[in-house]
Amino acid sequence: MIEIKNLKKSFGDLLVWEDVSFTIQDGETTAVIGRSGCGKSVLLKHLNALLYPDEGNVLIDGEDVFDLSYTGLRKVRQRFGILFQGGALFDSISTFENVAFPLRYFTEQGEEEIAHNVYEALSMVNLEDVGEKSTSELSGGMRKRVGLARAIILQPDYLLYDEPTSGLDPKTSDEINELIVTMADNLDITSVVITHDMHSVLEVSDRVAFLDEQKLSWFGNTDDMKHSDNQNLLEFIKASEYKIT
């Protein structure tokens with residue numbers, strides 16, 4: 001379980017948000033939405049202490065990540081998989097080596113075990129035949145899936161998605177959404193999805209956190225979102241050109 005308590009973050013004189021508090025339950029998928037620049041990705045980077053707040057706490061199973069030693073934080077970070085917005089793949093090495101990278105860095109697995117785990121992860125994202133290809137040869141959607149394979153290779157407890165469908169066509173976006181649901185169901189993973197895509201929100205998430213006006217403006221499940229009286233949330237949904245029925 002991830003507990004976000006009274007977070008405040010600013011960069012110099014620029015206040016990003018203050019007093020952000022909500023809980024992400026084990027096994028759930030929580031979407032974080034809001035306008036560009038509202039601090040969605042900034043919040044994501046606090047969950048595993050890539051950024052530190054001005055005030056507040058993030059508890060992972062009751063343990064405050066901001067109080068951990070270097071060794072303790074390193075162990076906690078291994079419980080997180082991250083799918084970066086641009087994929088963050090290394091174009092100078094093969095797809096296989098991209099997915100294998102965390103295993104080589106964080107584990108002492110031998111080559112046979114690494115190969116088994118890499119191809120198992122690629123199979124889960126329906127890319128078992130591209131291991132020897134350069135990532136520069138892959139389409140945008142395939143690169144996202146390779147990034148996802150790499151994100152799950154250490155069998156994390158938590159998966160963080162930063163704009164997973166950004167820049168993708170509708171069909172490919174649907175494929176990524178299906179994979180997010182599949183990962184959550186089959187791997188029993190707790191997921192946090194940063195997105196502005198309301199179609200994705202309704203397809204993949206159990207709960208939604210809406211950041212607006214430098215605070216957490218609304219938090220609840222997707223059914224409640226459909227009937228919310230939060231005008232800023234409703235305007236955001238309307239502006240997304242996706243009608244909730």
# chains A, B, ... in the order shown; residues from 1 in each chain; ligands from 1
call {"tool": "residues_around", "arguments": {"residues": "stretch 110-121 of chain A", "least_positions_apart": "2", "cutoff": "7 Å", "atoms": "only C-alpha atoms", "output": "ChimeraX atom specification"}}
result
/A:96,99-100,103,108,123-125,128,149,153
call {"tool": "closest_atom_pairs", "arguments": {"of": "stretch 174-215 of chain A", "to": "stretch 21-41 of chain A", "cutoff": "7 Å", "atoms": "only C-alpha atoms", "output": "tab-separated table"}}
result
residue	atom	partner	partner_atom	distance
A:Ala184	CA	A:Gly27	CA	6.9
A:Asp188	CA	A:Gly27	CA	5.7
A:Ile189	CA	A:Gly27	CA	5.4
A:Thr190	CA	A:Gly27	CA	4.4
A:Ser191	CA	A:Thr29	CA	4.5
A:Val192	CA	A:Thr30	CA	4.9
A:Val193	CA	A:Ala31	CA	4.6
A:Ile194	CA	A:Val32	CA	4.9
A:Thr195	CA	A:Ile33	CA	5.6
A:His196	CA	A:Ile33	CA	5.6
A:Val201	CA	A:Ala31	CA	6.2
A:Val204	CA	A:Thr29	CA	6.9
A:Ser205	CA	A:Thr29	CA	4.8
A:Asp206	CA	A:Thr29	CA	5.4
A:Arg207	CA	A:Thr30	CA	4.8
A:Val208	CA	A:Ala31	CA	4.8
A:Ala209	CA	A:Val32	CA	4.7
A:Phe210	CA	A:Ile33	CA	5.0
A:Leu211	CA	A:Gly34	CA	5.1
A:Asp212	CA	A:Gly34	CA	6.2
A:Gln214	CA	A:Cys38	CA	6.8
call {"tool": "residues_around", "arguments": {"residues": "A:Glu63", "least_positions_apart": "2", "cutoff": "12 Å", "atoms": "only C-alpha atoms", "output": "ChimeraX atom specification"}}
result
/A:1-4,47-48,57-61,65-69,72-73,76
call {"tool": "write_last_selection", "arguments": {"atoms": "N, CA and C atoms", "output": "PDB file, in the first residue's frame"}}
result
ATOM      1  N   MET A   1       0.843  -1.200   0.000  1.00  0.00           N
ATOM      2  CA  MET A   1       0.000   0.000   0.000  1.00  0.00           C
ATOM      3  C   MET A   1       0.877   1.248   0.000  1.00  0.00           C
ATOM      4  N   ILE A   2       0.484   2.235  -0.792  1.00  0.00           N
ATOM      5  CA  ILE A   2       1.185   3.517  -0.838  1.00  0.00           C
ATOM      6  C   ILE A   2       0.299   4.576  -0.185  1.00  0.00           C
ATOM      7  N   GLU A   3       0.831   5.217   0.852  1.00  0.00           N
ATOM      8  CA  GLU A   3       0.105   6.290   1.526  1.00  0.00           C
ATOM      9  C   GLU A   3       0.823   7.611   1.272  1.00  0.00           C
ATOM     10  N   ILE A   4       0.142   8.532   0.635  1.00  0.00           N
ATOM     11  CA  ILE A   4       0.676   9.860   0.339  1.00  0.00           C
ATOM     12  C   ILE A   4       0.059  10.820   1.348  1.00  0.00           C
ATOM     13  N   LEU A  47       7.054   9.021  -5.388  1.00  0.00           N
ATOM     14  CA  LEU A  47       6.630   7.726  -4.844  1.00  0.00           C
ATOM     15  C   LEU A  47       7.814   6.822  -4.536  1.00  0.00           C
ATOM     16  N   ASN A  48       8.893   6.952  -5.305  1.00  0.00           N
ATOM     17  CA  ASN A  48      10.092   6.173  -5.010  1.00  0.00           C
ATOM     18  C   ASN A  48      11.291   7.082  -4.729  1.00  0.00           C
ATOM     19  N   ASN A  57       4.946  13.071   3.577  1.00  0.00           N
ATOM     20  CA  ASN A  57       5.479  11.716   3.629  1.00  0.00           C
ATOM     21  C   ASN A  57       4.890  10.854   2.519  1.00  0.00           C
ATOM     22  N   VAL A  58       5.671   9.867   2.089  1.00  0.00           N
ATOM     23  CA  VAL A  58       5.172   8.783   1.263  1.00  0.00           C
ATOM     24  C   VAL A  58       5.538   7.486   1.971  1.00  0.00           C
ATOM     25  N   LEU A  59       4.526   6.716   2.365  1.00  0.00           N
ATOM     26  CA  LEU A  59       4.742   5.473   3.087  1.00  0.00           C
ATOM     27  C   LEU A  59       4.500   4.292   2.156  1.00  0.00           C
ATOM     28  N   ILE A  60       5.475   3.411   2.080  1.00  0.00           N
ATOM     29  CA  ILE A  60       5.342   2.165   1.331  1.00  0.00           C
ATOM     30  C   ILE A  60       5.239   1.043   2.355  1.00  0.00           C
ATOM     31  N   ASP A  61       4.049   0.471   2.467  1.00  0.00           N
ATOM     32  CA  ASP A  61       3.789  -0.537   3.495  1.00  0.00           C
ATOM     33  C   ASP A  61       4.223  -0.040   4.869  1.00  0.00           C
ATOM     34  N   VAL A  65       9.583   6.553   2.689  1.00  0.00           N
ATOM     35  CA  VAL A  65      10.707   6.445   1.751  1.00  0.00           C
ATOM     36  C   VAL A  65      11.699   7.586   1.926  1.00  0.00           C
ATOM     37  N   PHE A  66      11.243   8.723   2.456  1.00  0.00           N
ATOM     38  CA  PHE A  66      12.132   9.869   2.604  1.00  0.00           C
ATOM     39  C   PHE A  66      13.052   9.751   3.818  1.00  0.00           C
ATOM     40  N   ASP A  67      12.808   8.773   4.672  1.00  0.00           N
ATOM     41  CA  ASP A  67      13.653   8.550   5.847  1.00  0.00           C
ATOM     42  C   ASP A  67      14.649   7.409   5.650  1.00  0.00           C
ATOM     43  N   LEU A  68      14.627   6.770   4.490  1.00  0.00           N
ATOM     44  CA  LEU A  68      15.450   5.589   4.277  1.00  0.00           C
ATOM     45  C   LEU A  68      16.915   5.946   4.001  1.00  0.00           C
ATOM     46  N   SER A  69      17.791   5.046   4.389  1.00  0.00           N
ATOM     47  CA  SER A  69      19.192   5.156   4.027  1.00  0.00           C
ATOM     48  C   SER A  69      19.353   4.853   2.544  1.00  0.00           C
ATOM     49  N   GLY A  72      18.570   1.201   2.024  1.00  0.00           N
ATOM     50  CA  GLY A  72      17.138   0.933   2.159  1.00  0.00           C
ATOM     51  C   GLY A  72      16.350   1.461   0.977  1.00  0.00           C
ATOM     52  N   LEU A  73      16.722   2.647   0.499  1.00  0.00           N
ATOM     53  CA  LEU A  73      16.022   3.237  -0.642  1.00  0.00           C
ATOM     54  C   LEU A  73      16.279   2.433  -1.905  1.00  0.00           C
ATOM     55  N   VAL A  76      13.923  -0.467  -1.830  1.00  0.00           N
ATOM     56  CA  VAL A  76      12.543  -0.064  -2.111  1.00  0.00           C
ATOM     57  C   VAL A  76      12.369   0.220  -3.599  1.00  0.00           C
TER      58      VAL A  76
END
call {"tool": "closest_atom_pairs", "arguments": {"of": "stretch 52-119 of chain A", "to": "stretch 158-178 of chain A", "cutoff": "12 Å", "atoms": "only C-alpha atoms", "output": "JSON lines"}}
result
{"residue": "A:Ile60", "atom": "CA", "partner": "A:Tyr158", "partner_atom": "CA", "distance": 10.1}
{"residue": "A:Asp61", "atom": "CA", "partner": "A:Tyr158", "partner_atom": "CA", "distance": 11.6}
{"residue": "A:Val76", "atom": "CA", "partner": "A:Tyr158", "partner_atom": "CA", "distance": 10.2}
{"residue": "A:Arg77", "atom": "CA", "partner": "A:Tyr158", "partner_atom": "CA", "distance": 9.5}
{"residue": "A:Gln78", "atom": "CA", "partner": "A:Tyr158", "partner_atom": "CA", "distance": 9.4}
{"residue": "A:Arg79", "atom": "CA", "partner": "A:Tyr158", "partner_atom": "CA", "distance": 6.2}
{"residue": "A:Phe80", "atom": "CA", "partner": "A:Tyr158", "partner_atom": "CA", "distance": 4.8}
{"residue": "A:Gly81", "atom": "CA", "partner": "A:Leu159", "partner_atom": "CA", "distance": 4.7}
{"residue": "A:Ile82", "atom": "CA", "partner": "A:Leu160", "partner_atom": "CA", "distance": 4.7}
{"residue": "A:Leu83", "atom": "CA", "partner": "A:Tyr161", "partner_atom": "CA", "distance": 4.9}
{"residue": "A:Phe84", "atom": "CA", "partner": "A:Asp162", "partner_atom": "CA", "distance": 5.3}
{"residue": "A:Gln85", "atom": "CA", "partner": "A:Asp162", "partner_atom": "CA", "distance": 5.0}
{"residue": "A:Gly86", "atom": "CA", "partner": "A:Ser166", "partner_atom": "CA", "distance": 8.5}
{"residue": "A:Gly87", "atom": "CA", "partner": "A:Pro164", "partner_atom": "CA", "distance": 8.8}
{"residue": "A:Ala88", "atom": "CA", "partner": "A:Asp162", "partner_atom": "CA", "distance": 11.2}
call {"tool": "select_by_dssp", "arguments": {"residues": "stretch 126-228 of chain A", "states": "strand (DSSP E)", "output": "JSON, numbers by chain"}}
result
{"A": [158, 159, 160, 161, 162, 190, 191, 192, 193, 194, 207, 208, 209, 210, 211, 212, 215, 216, 217, 218, 219, 220, 221]}
call {"tool": "closest_residue", "arguments": {"among": "A:Val16, A:Asn98, A:Ile93, A:Asp197", "to": "A:Ala151", "atoms": "only C-alpha atoms"}}
result
A:Asn98
call {"tool": "residues_around", "arguments": {"residues": "A:Leu127", "least_positions_apart": "6", "cutoff": "8 Å", "atoms": "only C-alpha atoms", "output": "PDB file with C-alpha atoms, in the first residue's frame"}}
result
ATOM      1  CA  MET A 142       6.502  -1.557 -29.808  1.00  0.00           C
ATOM      2  CA  ARG A 145       5.870  -2.497 -24.930  1.00  0.00           C
ATOM      3  CA  VAL A 146       9.614  -3.123 -24.703  1.00  0.00           C
TER       4      VAL A 146
END
call {"tool": "residues_around", "arguments": {"residues": "A:Lys215", "least_positions_apart": "6", "cutoff": "9 Å", "atoms": "only C-alpha atoms", "output": "number ranges by chain"}}
result
A: 8, 16-20, 38
